[in-house]
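Okay, structure first, notes after.
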Amino acid sequence: MPYHPTTTPPAAILFSVDDTLVDDYNAVSQGVRVLMERLGHPSFSAARVLWDVQGILSTSAYRAGRIPLAEKRRQLVRALATQAGHSHISDQHCDELYQRYLDAHRAAWRTFDDVAPTLTQLAQRNIRLGVITNGDQNRQHDKLSTLNLAHHFGAVVCAEAAGTSKPAPRIFLLACQQLGVAPHQTWYVGDQMYEDAIGALNAGLYPVLCDRHRLLPATEITTIHTLTELSALTTGTRSPGASLL
């Protein structure tokens with residue numbers, strides 16, 4: 001689908017949760033550090049890279065229906081344990097360790113400082129707000145509630161309940177339907193090029209990349225580094241037709 005920049009203010013804005021609204025990178029790091037301590041793992045950089053790579057592989061297998069959720073989690077723990085020199089670890093021990101990871105991850109949940117002010121400003125302009133997430137449904141609802149974000153959103157669409165995940169167009173269209181807006185009237189803000197920006201674009205939404213850590217390459221997709229910039233975009237004080245890199 002060709003990319004057509006828009007100058008029309010949105011009727012609705014949908015957001016990804018992790019690393020757009022919530023600092024998931026730091027929360028994952030805290031969880032990994034807890035497991036490192038339990039396993040005697042010496043290198044955070046090696047552990048974090050492995051956790052991310054194994055997470056992509058195991059999550060892909062889980063979403064394809066090749067493994068259950070419990071096995072997805074065990075694969076993550078086993079990969080880290082093997083890297084730390086523990087080649088044999090029972091399912092029960094994996095489950096116990098993963099629960100420690102989840103507890104540490106949850107304790108580290110934090111929103112970015114610009115989130116609450118921006119969401120409030122957008123709502124005051126009568127822009128409808130919603131969330132699309134590929135994360136675990138129960139955990140994402142818990143996250144939004146715990147961080148006092150849930151009340152901002154008229155739709156929270158999780159891949160598990162939708163029966164499809166980003167970047168599939170259907171999950172974006174379902175969120176638009178729940179908000180009662182057309183895709184072409186809707187912006188989608190996320191931190192991933194493929195799952196978020198390309199997925200939204202293919203569904204007919206206007207994509208905005210939120211590159212908080214300035215890690216993404218230059219692109220035609222409108223790119224912001226804070227949600228404060230998003231607020232400016234919706235008022236037309238900054239043109240959304242090009243990258244903000």
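Letters A, B, ... go to the chains of the structure tokens in the order shown; residues in each chain start at 1; ligands are counted from 1 in the same order.
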
Might you pull out every residue within 9 Å of region 77-80 of chain A, with only C-alpha atoms counted and same-chain residues fewer than 3 positions away left off, and present them as a PDB file with N, CA, C and O atoms, in the first residue's frame?
```
ATOM      1  N   VAL A  32      15.320  -9.864  33.974  1.00  0.00           N
ATOM      2  CA  VAL A  32      16.494 -10.650  33.561  1.00  0.00           C
ATOM      3  C   VAL A  32      17.567 -10.613  34.644  1.00  0.00           C
ATOM      4  O   VAL A  32      18.213 -11.627  34.939  1.00  0.00           O
ATOM      5  N   LEU A  35      16.850 -13.151  37.319  1.00  0.00           N
ATOM      6  CA  LEU A  35      17.185 -14.508  36.891  1.00  0.00           C
ATOM      7  C   LEU A  35      18.691 -14.710  36.843  1.00  0.00           C
ATOM      8  O   LEU A  35      19.194 -15.786  37.203  1.00  0.00           O
ATOM      9  N   MET A  36      19.428 -13.714  36.413  1.00  0.00           N
ATOM     10  CA  MET A  36      20.889 -13.818  36.389  1.00  0.00           C
ATOM     11  C   MET A  36      21.434 -14.103  37.787  1.00  0.00           C
ATOM     12  O   MET A  36      22.330 -14.932  37.969  1.00  0.00           O
ATOM     13  N   LEU A  39      20.785 -17.667  38.700  1.00  0.00           N
ATOM     14  CA  LEU A  39      21.516 -18.632  37.883  1.00  0.00           C
ATOM     15  C   LEU A  39      23.030 -18.442  37.932  1.00  0.00           C
ATOM     16  O   LEU A  39      23.776 -19.254  37.376  1.00  0.00           O
ATOM     17  N   HIS A  41      24.625 -15.967  36.465  1.00  0.00           N
ATOM     18  CA  HIS A  41      25.011 -15.508  35.124  1.00  0.00           C
ATOM     19  C   HIS A  41      25.884 -14.273  35.246  1.00  0.00           C
ATOM     20  O   HIS A  41      25.522 -13.313  35.929  1.00  0.00           O
ATOM     21  N   ALA A  47      23.190 -11.734  28.462  1.00  0.00           N
ATOM     22  CA  ALA A  47      21.904 -12.264  28.901  1.00  0.00           C
ATOM     23  C   ALA A  47      20.745 -11.525  28.253  1.00  0.00           C
ATOM     24  O   ALA A  47      19.768 -12.149  27.806  1.00  0.00           O
ATOM     25  N   LEU A  50      20.424 -12.428  24.501  1.00  0.00           N
ATOM     26  CA  LEU A  50      19.874 -13.773  24.371  1.00  0.00           C
ATOM     27  C   LEU A  50      18.388 -13.791  24.691  1.00  0.00           C
ATOM     28  O   LEU A  50      17.591 -14.424  23.982  1.00  0.00           O
ATOM     29  N   TRP A  51      17.990 -13.115  25.755  1.00  0.00           N
ATOM     30  CA  TRP A  51      16.581 -13.076  26.154  1.00  0.00           C
ATOM     31  C   TRP A  51      15.719 -12.484  25.040  1.00  0.00           C
ATOM     32  O   TRP A  51      14.634 -12.991  24.733  1.00  0.00           O
ATOM     33  N   GLN A  54      15.771 -15.054  21.933  1.00  0.00           N
ATOM     34  CA  GLN A  54      14.965 -16.235  22.242  1.00  0.00           C
ATOM     35  C   GLN A  54      13.491 -15.863  22.375  1.00  0.00           C
ATOM     36  O   GLN A  54      12.611 -16.630  22.006  1.00  0.00           O
ATOM     37  N   ARG A  73       7.625 -19.923  27.757  1.00  0.00           N
ATOM     38  CA  ARG A  73       8.320 -19.354  28.913  1.00  0.00           C
ATOM     39  C   ARG A  73       9.504 -20.224  29.326  1.00  0.00           C
ATOM     40  O   ARG A  73      10.564 -19.708  29.694  1.00  0.00           O
ATOM     41  N   ARG A  74       9.325 -21.533  29.278  1.00  0.00           N
ATOM     42  CA  ARG A  74      10.419 -22.434  29.652  1.00  0.00           C
ATOM     43  C   ARG A  74      11.597 -22.315  28.699  1.00  0.00           C
ATOM     44  O   ARG A  74      12.752 -22.405  29.113  1.00  0.00           O
ATOM     45  N   GLN A  83      23.145 -20.648  28.942  1.00  0.00           N
ATOM     46  CA  GLN A  83      24.203 -19.663  28.765  1.00  0.00           C
ATOM     47  C   GLN A  83      24.986 -19.467  30.068  1.00  0.00           C
ATOM     48  O   GLN A  83      26.180 -19.177  30.054  1.00  0.00           O
ATOM     49  N   ALA A  84      24.310 -19.676  31.206  1.00  0.00           N
ATOM     50  CA  ALA A  84      24.955 -19.523  32.506  1.00  0.00           C
ATOM     51  C   ALA A  84      25.656 -20.798  32.961  1.00  0.00           C
ATOM     52  O   ALA A  84      26.240 -20.841  34.045  1.00  0.00           O
ATOM     53  N   GLY A  85      25.575 -21.860  32.128  1.00  0.00           N
ATOM     54  CA  GLY A  85      26.281 -23.094  32.456  1.00  0.00           C
ATOM     55  C   GLY A  85      25.448 -24.182  33.073  1.00  0.00           C
ATOM     56  O   GLY A  85      25.976 -25.186  33.553  1.00  0.00           O
ATOM     57  N   HIS A  86      24.113 -24.022  33.033  1.00  0.00           N
ATOM     58  CA  HIS A  86      23.210 -25.036  33.596  1.00  0.00           C
ATOM     59  C   HIS A  86      22.457 -25.705  32.442  1.00  0.00           C
ATOM     60  O   HIS A  86      21.433 -25.203  31.992  1.00  0.00           O
ATOM     61  N   SER A  87      22.966 -26.806  31.962  1.00  0.00           N
ATOM     62  CA  SER A  87      22.398 -27.438  30.768  1.00  0.00           C
ATOM     63  C   SER A  87      21.154 -28.262  31.059  1.00  0.00           C
ATOM     64  O   SER A  87      20.393 -28.575  30.144  1.00  0.00           O
ATOM     65  N   HIS A  88      20.925 -28.615  32.305  1.00  0.00           N
ATOM     66  CA  HIS A  88      19.751 -29.426  32.656  1.00  0.00           C
ATOM     67  C   HIS A  88      18.961 -28.707  33.740  1.00  0.00           C
ATOM     68  O   HIS A  88      19.482 -28.425  34.817  1.00  0.00           O
ATOM     69  N   ILE A  89      17.715 -28.415  33.422  1.00  0.00           N
ATOM     70  CA  ILE A  89      16.844 -27.715  34.367  1.00  0.00           C
ATOM     71  C   ILE A  89      15.424 -28.235  34.174  1.00  0.00           C
ATOM     72  O   ILE A  89      14.939 -28.354  33.039  1.00  0.00           O
ATOM     73  N   CYS A  94      12.017 -24.263  35.877  1.00  0.00           N
ATOM     74  CA  CYS A  94      11.783 -23.216  34.870  1.00  0.00           C
ATOM     75  C   CYS A  94      10.577 -22.365  35.249  1.00  0.00           C
ATOM     76  O   CYS A  94      10.629 -21.125  35.186  1.00  0.00           O
ATOM     77  N   ASP A  95       9.510 -23.038  35.637  1.00  0.00           N
ATOM     78  CA  ASP A  95       8.284 -22.316  35.983  1.00  0.00           C
ATOM     79  C   ASP A  95       8.496 -21.422  37.201  1.00  0.00           C
ATOM     80  O   ASP A  95       8.004 -20.284  37.247  1.00  0.00           O
ATOM     81  N   LEU A  97      11.351 -20.101  38.200  1.00  0.00           N
ATOM     82  CA  LEU A  97      12.211 -18.993  37.818  1.00  0.00           C
ATOM     83  C   LEU A  97      11.451 -17.959  36.981  1.00  0.00           C
ATOM     84  O   LEU A  97      11.640 -16.748  37.149  1.00  0.00           O
ATOM     85  N   TYR A  98      10.605 -18.445  36.084  1.00  0.00           N
ATOM     86  CA  TYR A  98       9.865 -17.500  35.259  1.00  0.00           C
ATOM     87  C   TYR A  98       8.906 -16.669  36.104  1.00  0.00           C
ATOM     88  O   TYR A  98       8.689 -15.486  35.833  1.00  0.00           O
TER      89      TYR A  98
END
```

Quick one: which region 91-179 of chain A residues come within 7 Å of region 11-28 of chain A, and what is the nearest atom pair for each with the distance in Å to one decimal, counting only C-alpha atoms, rows ordered by chain and ascending number, as CSV?
```
residue,atom,partner,partner_atom,distance
A:His105,CA,A:Ala27,CA,4.8
A:Ala108,CA,A:Ala27,CA,4.9
A:Trp109,CA,A:Ala27,CA,5.9
A:Arg110,CA,A:Val22,CA,5.7
A:Thr111,CA,A:Val22,CA,4.3
A:Phe112,CA,A:Val22,CA,6.0
A:Val115,CA,A:Leu21,CA,6.0
A:Ile127,CA,A:Ala12,CA,5.1
A:Arg128,CA,A:Ala12,CA,4.3
A:Leu129,CA,A:Ile13,CA,5.1
A:Gly130,CA,A:Leu14,CA,4.6
A:Val131,CA,A:Phe15,CA,4.7
A:Ile132,CA,A:Ser16,CA,5.5
A:Thr133,CA,A:Ser16,CA,5.7
```

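By chain and then residue number, the residues within 6 Å of Asp191 (chain A) are Thr20, Leu209, Cys210 and Asp211 of chain A, counting only C-alpha atoms and disregarding those fewer than 3 positions away in sequence.
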
I want to know what sits within 10 Å of Ser165 (chain A), based on only C-alpha atoms, with residues of the same chain fewer than 4 positions away left out; could you give that as a PDB file with all heavy atoms, in the first residue's frame?
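Below is the file part-v3.pdb, written as the result:
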```
ATOM      1  N   ARG A  63       2.711 -18.074  18.858  1.00  0.00           N
ATOM      2  CA  ARG A  63       1.628 -17.460  18.089  1.00  0.00           C
ATOM      3  C   ARG A  63       1.210 -18.328  16.915  1.00  0.00           C
ATOM      4  O   ARG A  63       0.058 -18.285  16.474  1.00  0.00           O
ATOM      5  CB  ARG A  63       2.055 -16.079  17.589  1.00  0.00           C
ATOM      6  CG  ARG A  63       2.128 -15.040  18.697  1.00  0.00           C
ATOM      7  CD  ARG A  63       2.576 -13.705  18.171  1.00  0.00           C
ATOM      8  NE  ARG A  63       2.709 -12.723  19.251  1.00  0.00           N
ATOM      9  CZ  ARG A  63       3.387 -11.598  19.160  1.00  0.00           C
ATOM     10  NH1 ARG A  63       3.995 -11.282  18.019  1.00  0.00           N
ATOM     11  NH2 ARG A  63       3.460 -10.768  20.180  1.00  0.00           N
ATOM     12  N   ILE A 132      -3.781  -1.189  21.077  1.00  0.00           N
ATOM     13  CA  ILE A 132      -3.651  -2.502  20.443  1.00  0.00           C
ATOM     14  C   ILE A 132      -2.359  -3.113  20.957  1.00  0.00           C
ATOM     15  O   ILE A 132      -1.306  -2.480  20.896  1.00  0.00           O
ATOM     16  CB  ILE A 132      -3.596  -2.421  18.909  1.00  0.00           C
ATOM     17  CG1 ILE A 132      -4.826  -1.720  18.354  1.00  0.00           C
ATOM     18  CG2 ILE A 132      -3.465  -3.819  18.305  1.00  0.00           C
ATOM     19  CD1 ILE A 132      -4.774  -1.496  16.850  1.00  0.00           C
ATOM     20  N   THR A 133      -2.423  -4.332  21.461  1.00  0.00           N
ATOM     21  CA  THR A 133      -1.237  -4.951  22.018  1.00  0.00           C
ATOM     22  C   THR A 133      -1.172  -6.437  21.688  1.00  0.00           C
ATOM     23  O   THR A 133      -2.200  -7.121  21.679  1.00  0.00           O
ATOM     24  CB  THR A 133      -1.172  -4.769  23.544  1.00  0.00           C
ATOM     25  OG1 THR A 133      -0.070  -5.494  24.083  1.00  0.00           O
ATOM     26  CG2 THR A 133      -2.456  -5.230  24.219  1.00  0.00           C
ATOM     27  N   ASN A 134       0.034  -6.901  21.409  1.00  0.00           N
ATOM     28  CA  ASN A 134       0.272  -8.331  21.226  1.00  0.00           C
ATOM     29  C   ASN A 134       0.632  -9.007  22.539  1.00  0.00           C
ATOM     30  O   ASN A 134       0.843 -10.213  22.577  1.00  0.00           O
ATOM     31  CB  ASN A 134       1.422  -8.559  20.233  1.00  0.00           C
ATOM     32  CG  ASN A 134       1.002  -8.329  18.794  1.00  0.00           C
ATOM     33  OD1 ASN A 134      -0.174  -8.138  18.500  1.00  0.00           O
ATOM     34  ND2 ASN A 134       1.966  -8.330  17.887  1.00  0.00           N
ATOM     35  N   GLY A 135       0.739  -8.247  23.613  1.00  0.00           N
ATOM     36  CA  GLY A 135       1.123  -8.805  24.910  1.00  0.00           C
ATOM     37  C   GLY A 135       0.038  -9.675  25.521  1.00  0.00           C
ATOM     38  O   GLY A 135      -1.129  -9.643  25.107  1.00  0.00           O
ATOM     39  N   VAL A 157      -7.582  -3.607  22.659  1.00  0.00           N
ATOM     40  CA  VAL A 157      -7.669  -4.804  21.826  1.00  0.00           C
ATOM     41  C   VAL A 157      -6.386  -5.613  21.987  1.00  0.00           C
ATOM     42  O   VAL A 157      -5.299  -5.150  21.615  1.00  0.00           O
ATOM     43  CB  VAL A 157      -7.896  -4.439  20.347  1.00  0.00           C
ATOM     44  CG1 VAL A 157      -7.962  -5.697  19.495  1.00  0.00           C
ATOM     45  CG2 VAL A 157      -9.184  -3.622  20.204  1.00  0.00           C
ATOM     46  N   CYS A 158      -6.513  -6.798  22.549  1.00  0.00           N
ATOM     47  CA  CYS A 158      -5.381  -7.691  22.758  1.00  0.00           C
ATOM     48  C   CYS A 158      -5.418  -8.800  21.712  1.00  0.00           C
ATOM     49  O   CYS A 158      -6.495  -9.292  21.344  1.00  0.00           O
ATOM     50  CB  CYS A 158      -5.417  -8.295  24.155  1.00  0.00           C
ATOM     51  SG  CYS A 158      -5.376  -7.072  25.481  1.00  0.00           S
ATOM     52  N   ALA A 159      -4.247  -9.207  21.264  1.00  0.00           N
ATOM     53  CA  ALA A 159      -4.158 -10.226  20.215  1.00  0.00           C
ATOM     54  C   ALA A 159      -4.867 -11.515  20.626  1.00  0.00           C
ATOM     55  O   ALA A 159      -5.528 -12.158  19.812  1.00  0.00           O
ATOM     56  CB  ALA A 159      -2.695 -10.502  19.886  1.00  0.00           C
ATOM     57  N   GLU A 160      -4.723 -11.882  21.887  1.00  0.00           N
ATOM     58  CA  GLU A 160      -5.322 -13.133  22.368  1.00  0.00           C
ATOM     59  C   GLU A 160      -6.829 -13.160  22.168  1.00  0.00           C
ATOM     60  O   GLU A 160      -7.399 -14.137  21.697  1.00  0.00           O
ATOM     61  CB  GLU A 160      -4.980 -13.304  23.850  1.00  0.00           C
ATOM     62  CG  GLU A 160      -5.459 -14.597  24.477  1.00  0.00           C
ATOM     63  CD  GLU A 160      -5.059 -14.700  25.931  1.00  0.00           C
ATOM     64  OE1 GLU A 160      -4.189 -13.920  26.382  1.00  0.00           O
ATOM     65  OE2 GLU A 160      -5.616 -15.562  26.633  1.00  0.00           O
ATOM     66  N   ALA A 161      -7.508 -12.062  22.514  1.00  0.00           N
ATOM     67  CA  ALA A 161      -8.961 -11.989  22.370  1.00  0.00           C
ATOM     68  C   ALA A 161      -9.374 -11.768  20.921  1.00  0.00           C
ATOM     69  O   ALA A 161     -10.418 -12.254  20.481  1.00  0.00           O
ATOM     70  CB  ALA A 161      -9.522 -10.879  23.246  1.00  0.00           C
ATOM     71  N   PRO A 169      -3.764  -6.726   9.442  1.00  0.00           N
ATOM     72  CA  PRO A 169      -4.694  -5.598   9.374  1.00  0.00           C
ATOM     73  C   PRO A 169      -5.942  -5.774  10.242  1.00  0.00           C
ATOM     74  O   PRO A 169      -6.477  -4.792  10.763  1.00  0.00           O
ATOM     75  CB  PRO A 169      -5.059  -5.530   7.886  1.00  0.00           C
ATOM     76  CG  PRO A 169      -3.885  -6.117   7.181  1.00  0.00           C
ATOM     77  CD  PRO A 169      -3.390  -7.206   8.090  1.00  0.00           C
ATOM     78  N   ARG A 170      -6.380  -7.009  10.422  1.00  0.00           N
ATOM     79  CA  ARG A 170      -7.668  -7.241  11.109  1.00  0.00           C
ATOM     80  C   ARG A 170      -7.676  -6.695  12.525  1.00  0.00           C
ATOM     81  O   ARG A 170      -8.693  -6.205  13.007  1.00  0.00           O
ATOM     82  CB  ARG A 170      -7.985  -8.746  11.095  1.00  0.00           C
ATOM     83  CG  ARG A 170      -9.383  -9.075  11.615  1.00  0.00           C
ATOM     84  CD  ARG A 170      -9.856 -10.410  11.076  1.00  0.00           C
ATOM     85  NE  ARG A 170      -8.985 -11.515  11.455  1.00  0.00           N
ATOM     86  CZ  ARG A 170      -9.159 -12.266  12.559  1.00  0.00           C
ATOM     87  NH1 ARG A 170     -10.172 -11.997  13.374  1.00  0.00           N
ATOM     88  NH2 ARG A 170      -8.353 -13.271  12.829  1.00  0.00           N
ATOM     89  N   ILE A 171      -6.544  -6.774  13.230  1.00  0.00           N
ATOM     90  CA  ILE A 171      -6.547  -6.299  14.616  1.00  0.00           C
ATOM     91  C   ILE A 171      -6.662  -4.777  14.671  1.00  0.00           C
ATOM     92  O   ILE A 171      -7.304  -4.217  15.563  1.00  0.00           O
ATOM     93  CB  ILE A 171      -5.304  -6.810  15.382  1.00  0.00           C
ATOM     94  CG1 ILE A 171      -5.506  -6.647  16.883  1.00  0.00           C
ATOM     95  CG2 ILE A 171      -4.025  -6.111  14.912  1.00  0.00           C
ATOM     96  CD1 ILE A 171      -4.460  -7.375  17.718  1.00  0.00           C
ATOM     97  N   PHE A 172      -6.088  -4.089  13.695  1.00  0.00           N
ATOM     98  CA  PHE A 172      -6.221  -2.633  13.625  1.00  0.00           C
ATOM     99  C   PHE A 172      -7.651  -2.238  13.277  1.00  0.00           C
ATOM    100  O   PHE A 172      -8.209  -1.297  13.848  1.00  0.00           O
ATOM    101  CB  PHE A 172      -5.257  -2.071  12.574  1.00  0.00           C
ATOM    102  CG  PHE A 172      -3.801  -2.247  12.914  1.00  0.00           C
ATOM    103  CD1 PHE A 172      -3.100  -3.356  12.454  1.00  0.00           C
ATOM    104  CD2 PHE A 172      -3.131  -1.315  13.688  1.00  0.00           C
ATOM    105  CE1 PHE A 172      -1.746  -3.529  12.762  1.00  0.00           C
ATOM    106  CE2 PHE A 172      -1.790  -1.479  13.998  1.00  0.00           C
ATOM    107  CZ  PHE A 172      -1.093  -2.595  13.542  1.00  0.00           C
ATOM    108  N   GLU A 195       5.676  -4.474  13.004  1.00  0.00           N
ATOM    109  CA  GLU A 195       4.415  -4.780  13.686  1.00  0.00           C
ATOM    110  C   GLU A 195       3.501  -3.567  13.779  1.00  0.00           C
ATOM    111  O   GLU A 195       2.279  -3.692  13.628  1.00  0.00           O
ATOM    112  CB  GLU A 195       4.689  -5.314  15.093  1.00  0.00           C
ATOM    113  CG  GLU A 195       5.250  -6.728  15.131  1.00  0.00           C
ATOM    114  CD  GLU A 195       5.301  -7.278  16.546  1.00  0.00           C
ATOM    115  OE1 GLU A 195       5.035  -6.499  17.502  1.00  0.00           O
ATOM    116  OE2 GLU A 195       5.611  -8.471  16.713  1.00  0.00           O
ATOM    117  N   GLY A 199       2.095  -2.472   9.813  1.00  0.00           N
ATOM    118  CA  GLY A 199       0.781  -3.068  10.071  1.00  0.00           C
ATOM    119  C   GLY A 199      -0.330  -2.035   9.985  1.00  0.00           C
ATOM    120  O   GLY A 199      -1.367  -2.263   9.348  1.00  0.00           O
TER     121      GLY A 199
END
```

Residue list (helix (DSSP H, G or I), DSSP) for region 5-231 of chain A, as a PyMOL selection string: chain A and resi 24-39+44-63+69-83+91-107+115-124+137-146+150-152+159-162+169-179+183-185+193-202+227-231

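Distance check against Gln140 (chain A) using only C-alpha atoms: of A:Gly65, A:Met193, A:Thr120, A:Arg106, the minimum falls on A:Arg106.
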